[in-house]
Every structure is written in structure tokens, then in C-alpha cells.
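Novice: Handing over my_file.pdb, PDB, C-alpha atoms, pLDDT in the B column.
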```pdb
ATOM      1  CA  ILE A   1       0.000   0.000   0.000  1.00 71.00           C
ATOM      2  CA  ASP A   2       2.572   2.564   1.134  1.00 73.00           C
ATOM      3  CA  GLY A   3       5.749   0.540   0.710  1.00 80.00           C
ATOM      4  CA  SER A   4       5.614  -0.747   4.263  1.00 86.00           C
ATOM      5  CA  CYS A   5       2.325  -2.689   4.170  1.00 91.00           C
ATOM      6  CA  LEU A   6       0.428  -5.083   1.938  1.00 92.00           C
ATOM      7  CA  ALA A   7      -3.291  -5.862   1.784  1.00 94.00           C
ATOM      8  CA  SER A   8      -5.102  -9.179   1.463  1.00 95.00           C
ATOM      9  CA  GLY A   9      -8.699 -10.363   1.135  1.00 95.00           C
ATOM     10  CA  ASP A  10     -10.030 -13.742   2.243  1.00 94.00           C
ATOM     11  CA  SER A  11     -12.941 -16.142   1.730  1.00 93.00           C
ATOM     12  CA  LYS A  12     -14.851 -14.648   4.682  1.00 92.00           C
ATOM     13  CA  GLY A  13     -14.969 -11.161   3.194  1.00 93.00           C
ATOM     14  CA  ARG A  14     -12.257  -9.759   5.455  1.00 95.00           C
ATOM     15  CA  ILE A  15      -9.697  -7.278   4.172  1.00 95.00           C
ATOM     16  CA  ARG A  16      -6.506  -7.077   6.181  1.00 96.00           C
ATOM     17  CA  VAL A  17      -3.451  -4.848   6.019  1.00 95.00           C
ATOM     18  CA  TRP A  18      -0.154  -6.395   7.076  1.00 95.00           C
ATOM     19  CA  SER A  19       3.091  -4.796   8.178  1.00 94.00           C
ATOM     20  CA  LEU A  20       5.963  -5.990   5.999  1.00 93.00           C
ATOM     21  CA  ARG A  21       8.394  -5.365   8.847  1.00 91.00           C
ATOM     22  CA  THR A  22       6.645  -7.310  11.602  1.00 93.00           C
ATOM     23  CA  GLY A  23       4.312  -9.573   9.636  1.00 93.00           C
ATOM     24  CA  ARG A  24       1.421  -8.524  11.874  1.00 95.00           C
ATOM     25  CA  CYS A  25      -2.059  -7.370  10.900  1.00 95.00           C
ATOM     26  CA  VAL A  26      -2.365  -3.613  11.522  1.00 94.00           C
ATOM     27  CA  GLN A  27      -5.837  -2.962  10.065  1.00 93.00           C
ATOM     28  CA  GLU A  28      -8.899  -5.102   9.340  1.00 94.00           C
ATOM     29  CA  TRP A  29     -12.404  -4.518   8.010  1.00 94.00           C
ATOM     30  CA  ARG A  30     -15.179  -6.457   6.293  1.00 92.00           C
ATOM     31  CA  CYS A  31     -16.141  -6.136   2.650  1.00 89.00           C
ATOM     32  CA  GLY A  32     -19.928  -5.840   2.945  1.00 81.00           C
ATOM     33  CA  SER A  33     -22.155  -7.605   5.427  1.00 75.00           C
ATOM     34  CA  GLU A  34     -22.676 -11.012   3.791  1.00 79.00           C
ATOM     35  CA  ASN A  35     -19.204 -12.429   4.439  1.00 85.00           C
ATOM     36  CA  ARG A  36     -18.731 -13.231   0.737  1.00 92.00           C
ATOM     37  CA  PRO A  37     -15.210 -13.926  -0.562  1.00 94.00           C
ATOM     38  CA  VAL A  38     -12.986 -11.110  -1.799  1.00 95.00           C
ATOM     39  CA  SER A  39     -11.575 -11.994  -5.224  1.00 94.00           C
ATOM     40  CA  TYR A  40      -9.175  -9.073  -5.771  1.00 95.00           C
ATOM     41  CA  LEU A  41      -7.795  -5.855  -4.341  1.00 95.00           C
ATOM     42  CA  SER A  42      -6.534  -3.001  -6.520  1.00 94.00           C
ATOM     43  CA  VAL A  43      -4.709  -0.069  -4.939  1.00 92.00           C
ATOM     44  CA  LEU A  44      -4.049   3.457  -6.186  1.00 90.00           C
ATOM     45  CA  PRO A  45      -1.360   4.267  -3.602  1.00 83.00           C
ATOM     46  CA  SER A  46      -0.522   7.759  -4.848  1.00 81.00           C
ATOM     47  CA  HIS A  47      -4.074   8.914  -4.104  1.00 86.00           C
ATOM     48  CA  GLY A  48      -4.967   6.606  -1.214  1.00 89.00           C
ATOM     49  CA  TYR A  49      -7.732   4.538  -2.817  1.00 93.00           C
ATOM     50  CA  MET A  50      -8.416   0.824  -2.916  1.00 94.00           C
ATOM     51  CA  ALA A  51     -10.947  -1.156  -4.977  1.00 95.00           C
ATOM     52  CA  SER A  52     -12.224  -4.548  -3.829  1.00 95.00           C
ATOM     53  CA  ASN A  53     -13.940  -7.178  -5.978  1.00 95.00           C
ATOM     54  CA  CYS A  54     -16.307  -9.399  -4.031  1.00 95.00           C
ATOM     55  CA  PHE A  55     -18.542 -12.373  -4.773  1.00 94.00           C
ATOM     56  CA  ASP A  56     -21.590 -10.248  -3.871  1.00 93.00           C
ATOM     57  CA  ASP A  57     -21.255  -8.480  -7.272  1.00 93.00           C
ATOM     58  CA  ILE A  58     -20.340  -5.143  -5.681  1.00 92.00           C
ATOM     59  CA  LEU A  59     -17.113  -3.289  -6.470  1.00 94.00           C
ATOM     60  CA  ARG A  60     -16.287  -1.116  -3.450  1.00 93.00           C
ATOM     61  CA  ILE A  61     -13.960   1.870  -3.480  1.00 93.00           C
ATOM     62  CA  TYR A  62     -12.245   2.684  -0.175  1.00 94.00           C
ATOM     63  CA  GLN A  63     -10.417   5.799   0.898  1.00 92.00           C
ATOM     64  CA  LEU A  64      -7.358   4.818   2.886  1.00 92.00           C
ATOM     65  CA  PRO A  65      -6.139   7.004   5.767  1.00 90.00           C
ATOM     66  CA  GLN A  66      -2.705   8.607   5.685  1.00 86.00           C
ATOM     67  CA  ASN A  67      -1.711   6.355   8.562  1.00 88.00           C
ATOM     68  CA  ILE A  68      -3.105   2.969   7.635  1.00 87.00           C
ATOM     69  CA  ARG A  69      -2.205   1.561  11.050  1.00 85.00           C
ATOM     70  CA  THR A  70      -4.345   3.927  13.124  1.00 86.00           C
ATOM     71  CA  GLY A  71      -6.664   5.769  10.714  1.00 90.00           C
ATOM     72  CA  GLU A  72     -10.199   4.926   9.614  1.00 91.00           C
ATOM     73  CA  VAL A  73     -10.884   3.280   6.252  1.00 92.00           C
ATOM     74  CA  LYS A  74     -13.953   4.796   4.578  1.00 91.00           C
ATOM     75  CA  VAL A  75     -16.174   3.485   1.776  1.00 90.00           C
ATOM     76  CA  VAL A  76     -16.319   6.098  -1.001  1.00 88.00           C
ATOM     77  CA  CYS A  77     -18.820   4.277  -3.220  1.00 88.00           C
ATOM     78  CA  SER A  78     -20.232   0.858  -4.097  1.00 90.00           C
ATOM     79  CA  LEU A  79     -20.508   0.030  -7.800  1.00 92.00           C
ATOM     80  CA  GLU A  80     -22.912  -2.459  -9.355  1.00 90.00           C
ATOM     81  CA  GLY A  81     -23.539  -3.765 -12.867  1.00 90.00           C
ATOM     82  CA  HIS A  82     -20.672  -6.199 -13.360  1.00 93.00           C
ATOM     83  CA  LYS A  83     -20.950  -9.849 -12.313  1.00 94.00           C
ATOM     84  CA  ASN A  84     -18.366 -11.469 -10.065  1.00 91.00           C
ATOM     85  CA  ALA A  85     -20.582 -14.549  -9.783  1.00 83.00           C
ATOM     86  CA  ASN A  86     -18.155 -16.687  -7.743  1.00 89.00           C
ATOM     87  CA  TRP A  87     -15.286 -16.193 -10.205  1.00 93.00           C
ATOM     88  CA  PRO A  88     -11.819 -14.711  -9.552  1.00 94.00           C
ATOM     89  CA  ILE A  89     -12.563 -11.382 -11.245  1.00 96.00           C
ATOM     90  CA  LYS A  90      -9.910  -8.640 -11.063  1.00 96.00           C
ATOM     91  CA  SER A  91     -10.036  -4.850 -11.309  1.00 96.00           C
ATOM     92  CA  SER A  92      -7.675  -1.916 -11.807  1.00 95.00           C
ATOM     93  CA  MET A  93      -7.655   1.825 -11.025  1.00 94.00           C
ATOM     94  CA  PHE A  94      -6.411   4.813 -13.029  1.00 92.00           C
ATOM     95  CA  HIS A  95      -5.960   8.498 -12.191  1.00 88.00           C
ATOM     96  CA  GLY A  96      -4.942  11.023 -14.818  1.00 83.00           C
ATOM     97  CA  THR A  97      -6.065  13.414 -17.540  1.00 73.00           C
ATOM     98  CA  PRO A  98      -9.643  12.811 -18.746  1.00 56.00           C
ATOM     99  CA  THR A  99     -10.465  11.876 -22.326  1.00 52.00           C
ATOM    100  CA  ARG A 100     -13.557  11.287 -24.409  1.00 53.00           C
ATOM    101  CA  GLY A 101     -13.876   7.693 -23.288  1.00 54.00           C
ATOM    102  CA  ILE A 102     -12.706   4.175 -24.006  1.00 55.00           C
ATOM    103  CA  SER A 103     -13.201   2.837 -27.535  1.00 52.00           C
ATOM    104  CA  LYS A 104     -15.739   0.052 -27.541  1.00 45.00           C
ATOM    105  CA  GLN A 105     -17.929  -1.949 -29.860  1.00 37.00           C
ATOM    106  CA  GLN A 106     -21.649  -1.383 -30.232  1.00 34.00           C
ATOM    107  CA  HIS A 107     -23.668  -4.276 -28.829  1.00 33.00           C
ATOM    108  CA  HIS A 108     -25.054  -5.232 -32.252  1.00 30.00           C
ATOM    109  CA  SER A 109     -21.673  -5.578 -33.969  1.00 31.00           C
ATOM    110  CA  GLY A 110     -19.137  -8.383 -34.120  1.00 37.00           C
ATOM    111  CA  ASP A 111     -15.621  -7.860 -32.840  1.00 36.00           C
ATOM    112  CA  PRO A 112     -14.786  -4.908 -30.586  1.00 35.00           C
ATOM    113  CA  TYR A 113     -12.335  -2.161 -31.407  1.00 32.00           C
ATOM    114  CA  ALA A 114      -8.911  -3.488 -30.498  1.00 30.00           C
ATOM    115  CA  VAL A 115      -7.100  -0.219 -30.997  1.00 29.00           C
ATOM    116  CA  THR A 116      -3.706   1.335 -30.395  1.00 28.00           C
ATOM    117  CA  PRO A 117      -3.206   4.553 -28.402  1.00 28.00           C
ATOM    118  CA  ASN A 118      -2.963   6.666 -31.577  1.00 30.00           C
ATOM    119  CA  SER A 119      -5.935   5.266 -33.470  1.00 30.00           C
ATOM    120  CA  THR A 120      -9.224   7.068 -33.883  1.00 31.00           C
ATOM    121  CA  SER A 121     -12.897   6.243 -33.792  1.00 32.00           C
ATOM    122  CA  SER A 122     -15.996   8.238 -34.578  1.00 30.00           C
ATOM    123  CA  LYS A 123     -18.119   6.271 -32.146  1.00 35.00           C
ATOM    124  CA  SER A 124     -17.239   8.072 -28.959  1.00 35.00           C
ATOM    125  CA  THR A 125     -19.383   7.541 -25.918  1.00 38.00           C
ATOM    126  CA  LYS A 126     -19.067  10.126 -23.157  1.00 43.00           C
ATOM    127  CA  ASP A 127     -16.572  12.358 -21.466  1.00 48.00           C
ATOM    128  CA  PHE A 128     -14.625  10.989 -18.545  1.00 49.00           C
ATOM    129  CA  GLY A 129     -13.431  13.151 -15.706  1.00 46.00           C
ATOM    130  CA  SER A 130     -14.368  15.919 -13.346  1.00 45.00           C
ATOM    131  CA  SER A 131     -14.380  19.691 -13.436  1.00 45.00           C
ATOM    132  CA  SER A 132     -10.961  19.745 -11.757  1.00 50.00           C
ATOM    133  CA  GLY A 133      -9.252  18.459 -14.917  1.00 64.00           C
ATOM    134  CA  THR A 134      -8.496  14.865 -13.881  1.00 78.00           C
ATOM    135  CA  CYS A 135     -10.354  11.575 -13.866  1.00 83.00           C
ATOM    136  CA  THR A 136     -10.386   8.546 -11.600  1.00 88.00           C
ATOM    137  CA  LEU A 137     -11.506   5.350 -13.312  1.00 90.00           C
ATOM    138  CA  VAL A 138     -12.056   1.810 -12.102  1.00 93.00           C
ATOM    139  CA  ALA A 139     -12.125  -1.049 -14.617  1.00 95.00           C
ATOM    140  CA  THR A 140     -13.221  -4.577 -13.805  1.00 96.00           C
ATOM    141  CA  GLY A 141     -13.750  -7.848 -15.587  1.00 96.00           C
ATOM    142  CA  SER A 142     -17.092  -9.598 -15.377  1.00 96.00           C
ATOM    143  CA  ALA A 143     -18.651 -13.037 -15.705  1.00 96.00           C
ATOM    144  CA  ASP A 144     -21.121 -11.733 -18.313  1.00 95.00           C
ATOM    145  CA  PHE A 145     -18.371 -11.578 -21.006  1.00 96.00           C
ATOM    146  CA  ASN A 146     -18.007  -7.777 -20.690  1.00 95.00           C
ATOM    147  CA  ALA A 147     -15.581  -5.412 -19.006  1.00 95.00           C
ATOM    148  CA  TYR A 148     -16.844  -2.345 -17.140  1.00 94.00           C
ATOM    149  CA  VAL A 149     -15.187   1.042 -16.741  1.00 92.00           C
ATOM    150  CA  TYR A 150     -16.642   3.227 -13.976  1.00 91.00           C
ATOM    151  CA  ASP A 151     -15.933   6.938 -13.740  1.00 88.00           C
ATOM    152  CA  VAL A 152     -15.777   7.768 -10.018  1.00 87.00           C
ATOM    153  CA  SER A 153     -14.155  11.179 -10.458  1.00 84.00           C
ATOM    154  CA  SER A 154     -16.974  13.072  -8.765  1.00 77.00           C
ATOM    155  CA  MET A 155     -16.654  10.877  -5.673  1.00 74.00           C
ATOM    156  CA  THR A 156     -12.878  10.780  -5.345  1.00 67.00           C
ATOM    157  CA  ASP A 157     -12.246  14.431  -6.270  1.00 60.00           C
ATOM    158  CA  SER A 158     -13.283  16.793  -3.472  1.00 51.00           C
ATOM    159  CA  LYS A 159     -13.437  19.713  -5.936  1.00 45.00           C
ATOM    160  CA  ALA A 160     -16.012  17.937  -8.061  1.00 40.00           C
ATOM    161  CA  ARG A 161     -18.233  16.226  -5.497  1.00 38.00           C
ATOM    162  CA  THR A 162     -21.180  18.535  -6.177  1.00 32.00           C
ATOM    163  CA  LYS A 163     -21.131  18.273  -9.987  1.00 33.00           C
ATOM    164  CA  SER A 164     -21.002  15.352 -12.393  1.00 31.00           C
ATOM    165  CA  SER A 165     -20.060  15.986 -16.025  1.00 31.00           C
ATOM    166  CA  PHE A 166     -20.963  12.619 -17.519  1.00 28.00           C
ATOM    167  CA  THR A 167     -24.065  10.699 -18.496  1.00 30.00           C
ATOM    168  CA  VAL A 168     -25.282   8.097 -16.030  1.00 27.00           C
ATOM    169  CA  GLU A 169     -26.074   4.704 -17.558  1.00 32.00           C
ATOM    170  CA  ARG A 170     -25.991   2.372 -14.568  1.00 35.00           C
ATOM    171  CA  LEU A 171     -26.102   3.179 -10.888  1.00 35.00           C
ATOM    172  CA  SER A 172     -25.657   1.495  -7.581  1.00 40.00           C
ATOM    173  CA  PRO A 173     -28.126   2.707  -4.949  1.00 33.00           C
ATOM    174  CA  GLY A 174     -27.393   6.273  -3.997  1.00 36.00           C
ATOM    175  CA  VAL A 175     -24.353   6.601  -6.234  1.00 42.00           C
ATOM    176  CA  GLY A 176     -24.133   8.695  -9.402  1.00 45.00           C
ATOM    177  CA  CYS A 177     -21.300   7.545 -11.642  1.00 57.00           C
ATOM    178  CA  GLY A 178     -20.800   6.973 -15.337  1.00 73.00           C
ATOM    179  CA  VAL A 179     -20.083   3.495 -16.640  1.00 82.00           C
ATOM    180  CA  GLU A 180     -18.940   2.238 -20.008  1.00 87.00           C
ATOM    181  CA  VAL A 181     -19.482  -1.386 -21.037  1.00 91.00           C
ATOM    182  CA  LEU A 182     -16.757  -2.912 -23.219  1.00 93.00           C
ATOM    183  CA  SER A 183     -18.239  -5.799 -25.198  1.00 92.00           C
ATOM    184  CA  GLY A 184     -16.656  -8.328 -27.525  1.00 92.00           C
ATOM    185  CA  HIS A 185     -15.065 -11.091 -25.475  1.00 96.00           C
ATOM    186  CA  ARG A 186     -16.654 -14.518 -25.899  1.00 96.00           C
ATOM    187  CA  GLY A 187     -16.025 -15.725 -22.394  1.00 96.00           C
ATOM    188  CA  ARG A 188     -15.756 -14.493 -18.839  1.00 97.00           C
ATOM    189  CA  VAL A 189     -13.455 -11.494 -18.534  1.00 97.00           C
ATOM    190  CA  TYR A 190     -11.206 -12.321 -15.632  1.00 97.00           C
ATOM    191  CA  THR A 191      -8.990  -9.264 -15.542  1.00 96.00           C
ATOM    192  CA  ALA A 192      -8.901  -5.601 -16.562  1.00 96.00           C
ATOM    193  CA  GLU A 193      -5.620  -3.745 -16.132  1.00 95.00           C
ATOM    194  CA  PHE A 194      -4.790  -0.096 -16.830  1.00 93.00           C
ATOM    195  CA  HIS A 195      -1.408   1.053 -18.103  1.00 91.00           C
ATOM    196  CA  PRO A 196       0.292   2.784 -15.126  1.00 86.00           C
ATOM    197  CA  LYS A 197       0.710   6.113 -16.929  1.00 84.00           C
ATOM    198  CA  GLN A 198      -1.553   6.096 -20.000  1.00 84.00           C
ATOM    199  CA  LEU A 199      -5.288   5.622 -20.383  1.00 85.00           C
ATOM    200  CA  LEU A 200      -4.823   2.265 -22.085  1.00 89.00           C
ATOM    201  CA  LEU A 201      -6.737  -0.760 -20.817  1.00 93.00           C
ATOM    202  CA  ALA A 202      -6.005  -4.465 -21.333  1.00 95.00           C
ATOM    203  CA  THR A 203      -8.673  -7.108 -20.697  1.00 96.00           C
ATOM    204  CA  GLY A 204      -8.056 -10.851 -20.471  1.00 96.00           C
ATOM    205  CA  SER A 205     -10.731 -13.489 -20.953  1.00 97.00           C
ATOM    206  CA  GLU A 206     -11.333 -17.225 -20.821  1.00 96.00           C
ATOM    207  CA  ASP A 207     -11.764 -17.009 -24.620  1.00 96.00           C
ATOM    208  CA  ALA A 208      -7.925 -16.979 -24.713  1.00 95.00           C
ATOM    209  CA  THR A 209      -7.677 -13.396 -25.970  1.00 95.00           C
ATOM    210  CA  ILE A 210      -6.236 -10.188 -24.560  1.00 95.00           C
ATOM    211  CA  ARG A 211      -7.836  -7.035 -25.919  1.00 94.00           C
ATOM    212  CA  LEU A 212      -6.443  -3.515 -25.780  1.00 93.00           C
ATOM    213  CA  TRP A 213      -8.787  -0.554 -25.444  1.00 92.00           C
ATOM    214  CA  SER A 214      -7.685   3.037 -25.936  1.00 83.00           C
ATOM    215  CA  PRO A 215      -9.370   6.438 -25.608  1.00 70.00           C
ATOM    216  CA  ASP A 216     -11.216   7.925 -28.552  1.00 58.00           C
ATOM    217  CA  GLN A 217      -9.077  10.593 -30.171  1.00 36.00           C
ATOM    218  CA  ALA A 218     -11.744  11.893 -32.559  1.00 29.00           C
TER     219      ALA A 218
END
```
Spit out the file's structure as C-alpha cells when you get a sec.

Specialist:
Amino acid sequence: IDGSCLASGDSKGRIRVWSLRTGRCVQEWRCGSENRPVSYLSVLPSHGYMASNCFDDILRIYQLPQNIRTGEVKVVCSLEGHKNANWPIKSSMFHGTPTRGISKQQHHSGDPYAVTPNSTSSKSTKDFGSSSGTCTLVATGSADFNAYVYDVSSMTDSKARTKSSFTVERLSPGVGCGVEVLSGHRGRVYTAEFHPKQLLLATGSEDATIRLWSPDQA
């Protein structure tokens, strides 16, 4: 998390933070109330956020305290729409300059756009990002053969908490966030991983393909 600790999730829905120096647990909390297994943890250490995939089909975003050993971990939002469905689904987080969106296929077409960072597309979807000039995105695989990209900028950016600049397609209760569905895989999408510095997303599926998705440049 901060170079001195690591985080783990278990089959009982517990998330624990461990000291690398002592090997002891220094923080613990539960992922939801149903004690469902945690399948993956994704951390954005530079901004103090963690995403947790859980078998209850909810992707939770946590705000980590500056001192993980003594501070309080807070839930920023809970995201629905994707399907964990008892599979080891993984997610990834990105923070950077907003763009017009991730290139994707339309649901009626065949193969998705597997594009390079410099390619273009006229089928843009929506703007990502907040009024402060940056975006925070969370991408996750799903058991329904899709990948999902959630724009949580308005919830993770204190300057933009009162205004959302994107169209809402799918919501979890009480949460307003944009989501883009990336279709085209022919099997469960187990992993979605952002490039560490560019808004480039790779998704891996049981259909034995890895697909690259880049922002629209049109």
C-alpha cells in the first residue's frame, strides 16, 4: 500500500493490512455484510484509494487514511452492474487526464475495437473526468463476457463532489457515476488492467484473448 504494508482479502470477506516489517495485521475490516469472498484488491497508492472485488457483485472503493495503522478506512462508493458470480474477477484503477472515453464496440456488432493509443474512432461515448481536470476510473472484468469502466471522479475528487459531467447509464443505490461497457469477449473477462501512466486498458478473458482498449481521439 505505502511501501511498508500489503493488503489481502479472504474467503470470509475480510480485508486485512499487514506490516511488511513485523508480519502482523495492523488494520482489518469487512467487505460488505454477507461475508462473501474477496476476489481481488486493486490499490491506487498515490491517491490513497483501494478497490475490492467481491462475490456479492459489488465493487467497493475505499479511501485509505494517511496512517493505515491507526486511521479509519472509509467506503467512497459501491458500484454495481458487473458480475463477479463466484469467479476470480480482477479490477484496476487509473488516475490522470480525462479523455472522451474508451473505444468500444456497439452491442449489435461483431468484434470490438482493439485499438492502439494513436488510433481514432468516430463512435465516442461520453466524457470521462471531473471539473478539476483529472479523472479517476475503475475497470473490472465480469462473468457476463463484458468489461466495465466506472468513472468515479466526482466521488474521489473533493473539488467535483457537487457536480457530475458525464451521463449516467448504470447506478448502484445512492451513487451517481458513469459506466462504459466494453463488449466483444466470448467468455468471462477475468482481468482488466490499466497502463500505469496512459489511459490504455487491457482485458483478459477465458476465450484466450487479450484485448487492448484506448481512448477515442476523434

Novice: From the options A:Phe194, A:Trp29, A:Phe94, A:Tyr40, which residue's atoms come nearest to Val75 (chain A), counting only C-alpha atoms?

Specialist: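 Among A:Phe194, A:Trp29, A:Phe94, A:Tyr40, it is A:Trp29 that comes nearest to Val75 (chain A).
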
Novice: Please return, as a list in words, all polymer residues that have at least one atom within 6 Å of the point (-17.9, -11.5, 6.2); use all atoms listed in the file and the file's own coordinate frame.

Specialist: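 Final list of nearby residues, as requested, is Lys12, Gly13, Arg14, Arg30, Ser33, Glu34, Asn35 and Arg36 of chain A.
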
Novice: Env of Pro88 (chain A): 8 Å cut, atoms = all atoms listed in the file, seq-sep filter 2 positions within chain, self excluded. Answer as a PyMOL selection string.

Specialist: chain A and resi 39-40+84+86+90+190

Novice: Can you pull out every residue within 7 Å of Ala85 (chain A), counting all atoms listed in the file, but drop anything in the same chain fewer than 4 positions away, and send it as a ChimeraX atom specification?

Specialist: /A:55,57,143

Novice: Which protein, DNA or RNA residues are at most 12 Å from (-3.2, 5.6, -2.6) in the file's coordinates when you count all atoms listed in the file, listed as a count of residues only?

Specialist: 27

Novice: Evaluate the PyMOL selection byres ((chain A and resi 144) around 8) against this structure - the residues, as JSON, numbers by chain, please.

Specialist: {"A": [82, 83, 142, 143, 145, 146, 187, 188, 189]}

Novice: List the neighbours of His185 (chain A) out to 10 Å using all atoms listed in the file; skip same-chain residues closer than 2 positions along the sequence, and give me the result as a list in words.

Specialist: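 Listed by chain and then number, they are Gly110, Asp111, Pro112, Asp144, Phe145, Asn146, Ala147, Leu182, Ser183, Gly187, Arg188, Val189, Thr203, Gly204, Ser205, Glu206, Asp207, Ala208, Thr209, Ile210 and Arg211 of chain A.
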
Novice: Interatomic distance between CA of Thr140 (chain A) and CA of Trp87 (chain A)?

Specialist: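 So the answer is 12.3 Å.
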
Novice: With all atoms listed in the file as the basis for distance, which of A:Val181, A:Leu6, A:Ile89, A:Val76 is at the shortest distance from Val38 (chain A)?

Specialist: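 Nearest to Val38 (chain A): A:Ile89.
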
Novice: Would you compute the distance between CA of Ser92 (chain A) and CA of Pro196 (chain A)? Give it in Å to one decimal.

Specialist: 9.8 Å

Novice: Closest to Ser8 (chain A) among A:Thr191, A:Thr22, A:Asn53, A:Thr134, using only C-alpha atoms?

Specialist: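 Checking each candidate against Ser8 (chain A), we get A:Asn53 as the closest.
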